[in-house]
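K.L.:
If it helps, the file is called target-v2.txt and holds compact mmCIF, C-alpha atoms:
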```txt
# COMPACT_ATOMS: atom_id res chain seq x y z
CA ARG A 1 0.00 0.00 0.00
CA LEU A 2 2.95 2.34 0.53
CA GLN A 3 4.11 1.58 -3.04
CA ALA A 4 7.70 1.11 -1.86
CA HIS A 5 8.03 -2.63 -2.39
CA THR A 6 10.66 -4.37 -4.51
CA PRO A 7 10.29 -7.43 -6.77
CA ASP A 8 11.67 -9.67 -4.02
CA SER A 9 9.60 -8.18 -1.18
CA ASP A 10 7.54 -10.37 1.10
CA LEU A 11 3.81 -9.73 1.34
CA ASP A 12 2.15 -9.00 4.67
CA VAL A 13 -1.63 -9.46 4.64
CA LEU A 14 -4.38 -9.22 7.24
CA ALA A 15 -7.32 -11.60 6.98
CA LEU A 16 -10.10 -9.58 8.59
CA CYS A 17 -13.02 -11.75 9.68
CA GLY A 18 -16.39 -11.31 11.33
CA PRO A 19 -17.29 -12.29 14.91
CA ASN A 20 -18.37 -15.79 13.88
CA VAL A 21 -14.76 -16.80 13.10
CA SER A 22 -12.39 -17.49 15.98
CA ARG A 23 -8.61 -17.57 15.90
CA GLY A 24 -8.77 -21.31 16.49
CA ASP A 25 -11.08 -21.75 13.49
CA PHE A 26 -8.75 -19.67 11.32
CA PHE A 27 -5.55 -21.54 12.16
CA THR A 28 -7.28 -24.91 11.90
CA SER A 29 -9.34 -24.53 8.73
CA CYS A 30 -7.47 -21.92 6.69
CA PRO A 31 -4.25 -23.94 6.18
CA THR A 32 -6.29 -26.85 4.80
CA VAL A 33 -8.05 -24.55 2.33
CA LEU A 34 -4.76 -22.94 1.32
CA LEU A 35 -2.99 -26.25 0.73
CA ALA A 36 -5.76 -27.28 -1.66
CA GLN A 37 -4.81 -24.44 -4.02
CA PRO A 38 -2.34 -25.49 -6.77
CA HIS A 39 -0.35 -22.22 -6.71
CA ILE A 40 0.11 -22.17 -2.91
CA GLU A 41 2.81 -24.13 -1.11
CA ALA A 42 4.90 -24.19 2.09
CA VAL A 43 1.96 -23.39 4.36
CA HIS A 44 3.13 -23.10 7.98
CA PRO A 45 0.62 -21.95 10.62
CA ILE A 46 2.24 -20.57 13.78
CA PRO A 47 -0.67 -19.82 16.14
CA SER A 48 1.60 -19.68 19.20
CA ALA A 49 3.80 -16.88 17.85
CA TYR A 50 3.91 -13.51 19.65
CA THR A 51 1.80 -12.28 16.73
CA PRO A 52 0.07 -15.43 15.36
CA VAL A 53 0.78 -15.90 11.66
CA ILE A 54 0.38 -18.29 8.75
CA LYS A 55 3.47 -18.32 6.52
CA LEU A 56 3.00 -19.46 2.94
CA THR A 57 4.30 -19.05 -0.59
CA VAL A 58 2.05 -17.93 -3.47
CA HIS A 59 3.54 -18.10 -6.98
CA GLY A 60 6.99 -17.91 -5.36
CA ILE A 61 6.09 -14.87 -3.23
CA HIS A 62 6.52 -15.27 0.53
CA VAL A 63 3.39 -14.23 2.41
CA ASP A 64 2.76 -13.63 6.12
CA MET A 65 -0.97 -13.83 6.81
CA LEU A 66 -2.28 -12.44 10.09
CA PHE A 67 -5.72 -12.95 11.57
CA GLY A 68 -8.00 -10.08 12.58
CA ARG A 69 -11.50 -10.25 13.99
CA VAL A 70 -14.09 -7.52 14.46
CA SER A 71 -16.85 -7.84 17.07
CA ASP A 72 -19.26 -5.80 14.94
CA ASP A 73 -18.97 -6.60 11.23
CA THR A 74 -21.52 -4.01 10.00
CA ARG A 75 -18.87 -1.81 8.40
CA LEU A 76 -17.00 -4.85 7.08
CA ARG A 77 -20.11 -6.24 5.39
CA ASP A 78 -20.90 -2.85 3.88
CA TYR A 79 -17.35 -2.65 2.51
CA GLN A 80 -17.62 -6.15 1.02
CA SER A 81 -20.94 -5.28 -0.63
CA ARG A 82 -19.36 -2.26 -2.34
CA THR A 83 -16.06 -3.87 -3.31
CA PRO A 84 -15.76 -6.48 -6.12
CA ASN A 85 -14.26 -9.75 -4.97
CA PRO A 86 -11.00 -10.19 -6.95
CA LEU A 87 -11.51 -13.97 -6.86
CA LEU A 88 -14.97 -13.76 -8.41
CA SER A 89 -14.86 -10.69 -10.64
CA SER A 90 -12.46 -9.74 -13.42
CA VAL A 91 -13.61 -6.10 -13.24
CA GLN A 92 -11.70 -4.19 -10.56
CA PRO A 93 -11.82 -0.47 -9.71
CA LYS A 94 -8.91 1.61 -11.04
CA THR A 95 -8.37 3.01 -7.57
CA PRO A 96 -8.64 0.29 -4.90
CA VAL A 97 -11.03 1.08 -2.06
CA GLU A 98 -9.34 0.28 1.23
CA TYR A 99 -11.13 -0.79 4.38
CA ILE A 100 -10.20 1.67 7.13
CA ILE A 101 -9.67 0.02 10.50
CA GLU A 102 -11.14 2.24 13.20
CA ASP A 103 -10.47 2.03 16.91
CA SER A 104 -13.98 0.58 17.25
CA ASP A 105 -12.72 -2.49 15.35
CA LEU A 106 -10.41 -3.22 18.29
CA LEU A 107 -13.29 -3.74 20.71
CA GLY A 108 -13.10 -7.10 22.45
CA LEU A 109 -9.67 -8.05 21.03
CA ASP A 110 -6.90 -9.54 23.14
CA ASP A 111 -3.25 -8.45 22.90
CA SER A 112 -2.52 -10.78 19.96
CA GLY A 113 -5.54 -9.51 18.05
CA ILE A 114 -4.56 -5.87 18.54
CA ARG A 115 -0.96 -6.58 17.50
CA SER A 116 -2.21 -8.28 14.34
CA MET A 117 -4.06 -5.07 13.41
CA ASN A 118 -1.08 -2.87 14.19
CA GLY A 119 0.76 -3.08 10.86
CA VAL A 120 -2.26 -2.06 8.81
CA ARG A 121 -3.09 0.76 11.19
CA VAL A 122 0.46 2.14 11.09
CA THR A 123 0.27 2.12 7.29
CA GLN A 124 -3.06 3.96 7.44
CA TYR A 125 -1.57 6.54 9.78
CA ILE A 126 1.37 7.20 7.44
CA MET A 127 -0.81 7.48 4.34
CA GLU A 128 -3.13 9.93 6.08
CA ASN A 129 -0.49 12.10 7.75
CA VAL A 130 2.54 12.55 5.51
CA PRO A 131 2.21 15.95 3.77
CA ASN A 132 3.23 14.67 0.32
CA PHE A 133 2.80 10.94 -0.20
CA GLN A 134 4.78 10.89 -3.45
CA THR A 135 7.78 12.50 -1.75
CA PHE A 136 7.50 10.02 1.10
CA ARG A 137 7.32 7.08 -1.31
CA ILE A 138 10.38 8.14 -3.33
CA VAL A 139 12.50 8.67 -0.21
CA LEU A 140 11.39 5.38 1.35
CA VAL A 141 12.29 3.45 -1.81
CA CYS A 142 15.75 5.06 -1.79
CA VAL A 143 16.29 4.35 1.93
CA LYS A 144 15.22 0.71 1.64
CA LYS A 145 17.47 0.22 -1.39
CA TRP A 146 20.39 1.85 0.45
CA ALA A 147 19.84 -0.35 3.51
CA SER A 148 19.59 -3.49 1.40
CA ILE A 149 22.81 -2.71 -0.52
CA ASN A 150 24.62 -2.10 2.78
CA GLY A 151 23.33 -5.33 4.32
CA ILE A 152 21.46 -3.65 7.17
CA TYR A 153 17.85 -4.30 6.13
CA SER A 154 16.31 -7.16 8.11
CA ASN A 155 14.23 -7.27 11.28
CA SER A 156 14.82 -10.99 11.59
CA LEU A 157 18.60 -10.43 11.67
CA GLY A 158 18.38 -7.64 14.24
CA PHE A 159 18.50 -4.66 11.89
CA LEU A 160 15.80 -2.15 11.01
CA GLY A 161 12.97 -3.35 8.77
CA GLY A 162 10.46 -1.85 6.38
CA VAL A 163 8.03 -0.49 8.99
CA ASN A 164 10.90 1.02 10.98
CA PHE A 165 12.28 2.88 7.96
CA ALA A 166 8.77 3.97 6.93
CA LEU A 167 8.18 5.58 10.33
CA MET A 168 11.58 7.29 10.23
CA VAL A 169 10.97 8.68 6.73
CA ALA A 170 7.48 9.81 7.79
CA TRP A 171 9.04 11.63 10.75
CA CYS A 172 11.28 13.60 8.36
CA CYS A 173 8.48 14.31 5.89
CA LYS A 174 6.18 15.68 8.60
CA ARG A 175 8.84 18.10 9.83
CA TYR A 176 9.83 19.33 6.38
CA PRO A 177 6.53 19.24 4.45
CA LYS A 178 7.65 21.42 1.53
CA HIS A 179 11.04 19.86 0.85
CA GLN A 180 11.80 17.90 -2.31
CA PRO A 181 12.70 14.17 -2.14
CA TYR A 182 16.47 14.69 -2.51
CA ALA A 183 16.41 17.17 0.41
CA ILE A 184 14.35 14.83 2.60
CA LEU A 185 16.76 11.98 1.79
CA ARG A 186 19.75 14.01 2.98
CA ILE A 187 17.81 15.16 6.06
CA PHE A 188 17.02 11.51 6.82
CA PHE A 189 20.68 10.46 6.85
CA ARG A 190 21.91 13.56 8.70
CA THR A 191 19.13 13.32 11.31
CA PHE A 192 19.50 9.66 12.21
CA ALA A 193 23.30 9.55 11.90
CA THR A 194 23.37 12.05 14.77
CA TRP A 195 20.18 11.01 16.59
CA SER A 196 20.44 10.92 20.40
CA TRP A 197 19.58 7.25 20.84
CA PRO A 198 17.93 5.80 22.84
CA SER A 199 15.61 8.81 22.57
CA PRO A 200 12.60 7.36 20.74
CA VAL A 201 11.48 8.23 17.22
CA MET A 202 7.78 9.10 17.45
CA CYS A 203 5.54 10.54 14.75
CA CYS A 204 3.00 11.68 17.35
CA PRO A 205 2.71 11.67 21.16
CA ILE A 206 1.98 8.46 23.02
CA GLN A 207 -1.46 8.12 24.57
CA GLU A 208 -1.56 5.50 27.28
CA THR A 209 -5.35 5.50 27.59
CA PRO A 210 -7.10 3.40 24.93
CA PRO A 211 -10.51 4.23 23.46
CA THR A 212 -13.52 3.13 25.50
CA GLY A 213 -13.95 -0.64 25.42
CA VAL A 214 -10.51 -1.39 23.94
CA ALA A 215 -8.14 -3.51 26.00
CA LYS A 216 -5.31 -1.54 27.56
CA MET A 217 -1.86 -2.51 26.32
CA PRO A 218 1.46 -1.33 27.72
CA ALA A 219 2.67 1.87 26.08
CA TRP A 220 6.40 2.29 25.55
CA ASN A 221 7.80 3.52 28.86
CA PRO A 222 11.56 3.27 29.53
CA ARG A 223 10.97 4.46 33.11
CA ASN A 224 9.00 1.32 33.94
CA PRO A 225 11.36 -0.93 35.93
CA SER A 226 9.31 -4.05 35.20
CA SER A 227 9.57 -3.76 31.41
CA ARG A 228 12.38 -4.21 28.88
CA ASP A 229 11.79 -0.74 27.44
CA ALA A 230 14.76 0.81 29.23
CA SER A 231 17.11 -1.61 27.43
CA HIS A 232 15.96 -0.69 23.92
CA ILE A 233 18.84 0.76 21.92
CA MET A 234 16.96 2.18 18.91
CA PRO A 235 13.30 2.60 19.94
CA ILE A 236 10.98 3.49 17.07
CA VAL A 237 7.55 3.67 18.65
CA SER A 238 4.66 2.22 16.69
CA LEU A 239 1.59 4.42 16.76
CA SER A 240 -1.85 3.69 15.44
CA PRO A 241 -3.83 6.05 13.21
CA ARG A 242 -7.01 7.92 14.03
CA TYR A 243 -6.83 8.41 17.78
CA PHE A 244 -3.07 7.87 18.06
CA TYR A 245 -3.51 5.13 20.64
CA SER A 246 -0.12 3.52 21.23
CA LEU A 247 -0.62 -0.14 20.35
CA LYS A 248 2.77 -1.55 21.21
CA GLU A 249 5.98 -0.54 22.77
CA SER A 250 8.99 -0.34 20.46
CA MET A 251 9.06 -1.53 16.89
CA VAL A 252 12.74 -2.38 17.49
CA ASN A 253 13.13 -4.75 20.41
CA ASP A 254 16.24 -6.70 19.47
CA VAL A 255 18.70 -4.32 17.81
CA SER A 256 22.07 -5.05 19.40
CA THR A 257 24.75 -2.47 20.14
CA PHE A 258 26.87 -3.86 17.28
CA ASP A 259 23.98 -3.70 14.79
CA ALA A 260 23.20 -0.16 15.93
CA LEU A 261 26.83 0.88 15.34
CA LEU A 262 26.60 -0.52 11.81
CA HIS A 263 23.51 1.62 11.20
CA PHE A 264 25.23 4.74 12.53
CA ALA A 265 28.36 4.20 10.44
CA SER A 266 26.36 3.54 7.27
CA MET A 267 24.16 6.60 7.81
CA LYS A 268 27.15 8.87 8.44
CA ASN A 269 28.78 7.60 5.25
CA ALA A 270 25.53 8.17 3.31
CA ASP A 271 25.24 11.69 4.74
CA HIS A 272 28.72 12.55 3.46
CA THR A 273 27.94 11.01 0.05
CA CYS A 274 24.49 12.53 -0.47
CA VAL A 275 24.76 16.11 -1.78
CA PRO A 276 21.97 18.56 -2.80
CA GLN A 277 23.01 18.55 -6.47
CA HIS A 278 21.82 14.96 -6.85
CA GLU A 279 18.40 15.89 -8.14
CA PHE A 280 18.03 12.54 -9.89
CA PHE A 281 16.09 11.51 -6.77
CA LEU A 282 13.18 13.58 -8.10
```
Write the structure described by the file as structure tokens, please.
P.N.:
Amino acid sequence: RLQAHTPDSDLDVLALCGPNVSRGDFFTSCPTVLLAQPHIEAVHPIPSAYTPVIKLTVHGIHVDMLFGRVSDDTRLRDYQSRTPNPLLSSVQPKTPVEYIIEDSDLLGLDDSGIRSMNGVRVTQYIMENVPNFQTFRIVLVCVKKWASINGIYSNSLGFLGGVNFALMVAWCCKRYPKHQPYAILRIFFRTFATWSWPSPVMCCPIQETPPTGVAKMPAWNPRNPSSRDASHIMPIVSLSPRYFYSLKESMVNDVSTFDALLHFASMKNADHTCVPQHEFFL
């Protein structure tokens, strides 16, 4: 949805279901249905994961499928009635109509359910709040390519990942709304090469109080002696859209000191290399 993917990117999807489908139903029945499809293989349900997921491969593309459930599916049914099913109709709208997840959709969810919604909600927040989406997209593509070339792009290996970089680029875009992409790119490297870590990167203030009826989850708080937050080296706080309710602590829980130093060194080198005359970023 951020239009910053590459040909070898993985695909993260959220299967949003009505109240009649439980997480147990999803992780029991869905893998069987998926395995019956000729173009789907390597289906691995992991219901016990911190964020429950089904991993699979579709036409060679790696997919992480999360499960979401709404207690009131009125809006979801209305959306489905207005949106052609891509599996049943060959006629699709030129501009896809996205389902907007509101805070009301979090009613009745446990921690795992709220975490499963988090990625989509962060994407919604970015799309709604960056001043110039095209500028944001160009810079994010450049940053992800730079990180990949330098071997520092992988959450699973302890480096920053796509969501982390998207939030950092959004932070720069919000503070310099009229700057061109090449200027934002240089600001990105200069800002985070000299950032006072572990001061957190936040696109908006944390709100510890959730909307009425939504389960309270721990907001990022490095002063809490009973949490791991104080040990985070590069905290990039994940914030939800709409009411800016903080859904989860840090997006970066496992960046080591060594990995952080690699990021700093690479960003400082990029800052020295990136000069304003390089307008080919436009």
K.L.:
From the set A:Gly119, A:Pro45, A:Gly60, A:Pro84, which residue has the shortest atom-to-atom contact distance to Val13 of chain A, counting all atoms listed in the file?
P.N.:
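Closest residue, counting all atoms listed in the file: A:Gly119.
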K.L.:
Kindly indicate which residue among A:Asn269, A:Thr209, A:Asn150, A:Asn118 lies nearest to Leu66 of chain A, using only C-alpha atoms for the distances.
P.N.:
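Answer, going by the shortest atom-to-atom distance: A:Asn118.
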K.L.:
Quick one: residues within 10 Å of Gly68 of chain A, all atoms listed in the file counted, chain neighbours fewer than 3 positions away excluded, as a list of chain:residue names?
P.N.:
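After dropping sequence-adjacent residues, the list is A:Leu14, A:Ala15, A:Leu16, A:Cys17, A:Gly18, A:Pro19, A:Val21, A:Ser22, A:Arg23, A:Phe26, A:Met65, A:Asp105, A:Leu106, A:Leu109, A:Ser112, A:Gly113, A:Ile114, A:Arg115, A:Ser116, A:Met117.
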K.L.:
Can I get the selection written as a tab-separated table (two decimals), in the coordinates of the input, with C-alpha atoms?
P.N.:
```
chain	number	residue	atom	x	y	z
A	14	LEU	CA	-4.38	-9.22	7.24
A	15	ALA	CA	-7.32	-11.60	6.98
A	16	LEU	CA	-10.10	-9.58	8.59
A	17	CYS	CA	-13.02	-11.75	9.68
A	18	GLY	CA	-16.39	-11.31	11.33
A	19	PRO	CA	-17.29	-12.29	14.91
A	21	VAL	CA	-14.76	-16.80	13.10
A	22	SER	CA	-12.39	-17.49	15.98
A	23	ARG	CA	-8.61	-17.57	15.90
A	26	PHE	CA	-8.75	-19.67	11.32
A	65	MET	CA	-0.97	-13.83	6.81
A	105	ASP	CA	-12.72	-2.49	15.35
A	106	LEU	CA	-10.41	-3.22	18.29
A	109	LEU	CA	-9.67	-8.05	21.03
A	112	SER	CA	-2.52	-10.78	19.96
A	113	GLY	CA	-5.54	-9.51	18.05
A	114	ILE	CA	-4.56	-5.87	18.54
A	115	ARG	CA	-0.96	-6.58	17.50
A	116	SER	CA	-2.21	-8.28	14.34
A	117	MET	CA	-4.06	-5.07	13.41
```
K.L.:
Identify which of the residues A:Glu98, A:Trp197, A:Asp103, A:Asp271 lies closest to Ile184 of chain A, counting all atoms listed in the file when measuring atom-to-atom distances.
P.N.:
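When distances to Ile184 of chain A are compared using all atoms listed in the file, the smallest one comes from A:Asp271.
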K.L.:
If you measure from atom CA of Pro38 of chain A to atom CA of His5 of chain A, what distance in Å do you get, rounded to one decimal?
P.N.:
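Between atom CA of Pro38 of chain A and atom CA of His5 of chain A the gap works out to 25.5 Å.
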K.L.:
Set the distance at 9 Å and use all atoms listed in the file: which residues neighbour Tyr99 of chain A once local chain neighbours fewer than 4 positions away are removed? I'd like the list as a list in words.
P.N.:
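Answer for this query is Arg75, Leu76 and Tyr79 of chain A.
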K.L.:
Export C-alpha atoms of the chosen residues as a compact mmCIF listing (two decimals), in the frame of the given file?
P.N.:
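selection-v1.txt, written as the output of this step:
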```txt
# COMPACT_ATOMS: atom_id res chain seq x y z
CA ARG A 75 -18.87 -1.81 8.40
CA LEU A 76 -17.00 -4.85 7.08
CA TYR A 79 -17.35 -2.65 2.51
```
K.L.:
Could you check which of A:Thr74, A:Ser266, A:Ser104, A:Thr51 is closest to Thr212 of chain A, using only C-alpha atoms?
P.N.:
A:Ser104
K.L.:
Which of these, A:Ile206, A:Val97, A:Val43, A:Ala4, has the shortest distance to Val143 of chain A once you count all atoms listed in the file?
P.N.:
A:Ala4
K.L.:
Which value, in Å to one decimal, gives the distance between atom CA of His62 of chain A and atom CA of Leu11 of chain A?
P.N.:
6.2 Å
K.L.:
Which of these residues is nearest to Ile236 of chain A, using only C-alpha atoms: A:Val163, A:Tyr182, A:Arg77, A:Met217?
P.N.:
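Among the listed residues, A:Val163 lies closest to Ile236 of chain A.
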K.L.:
In Å, with one decimal, what is the gap from atom CA of Val33 of chain A to atom CA of Asp12 of chain A?
P.N.:
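These atoms are spaced 18.7 Å apart.
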K.L.:
Around all the atoms of segment 260-269 of chain A listed in the file, draw an axis-aligned box and extend it by 3 Å on each of the six sides; I want its centre and edge lengths in Å to one decimal, as lines of an AutoDock Vina configuration file.
P.N.:
```
center_x = 26.0
center_y = 4.2
center_z = 10.6
size_x = 11.6
size_y = 15.4
size_z = 16.7
```
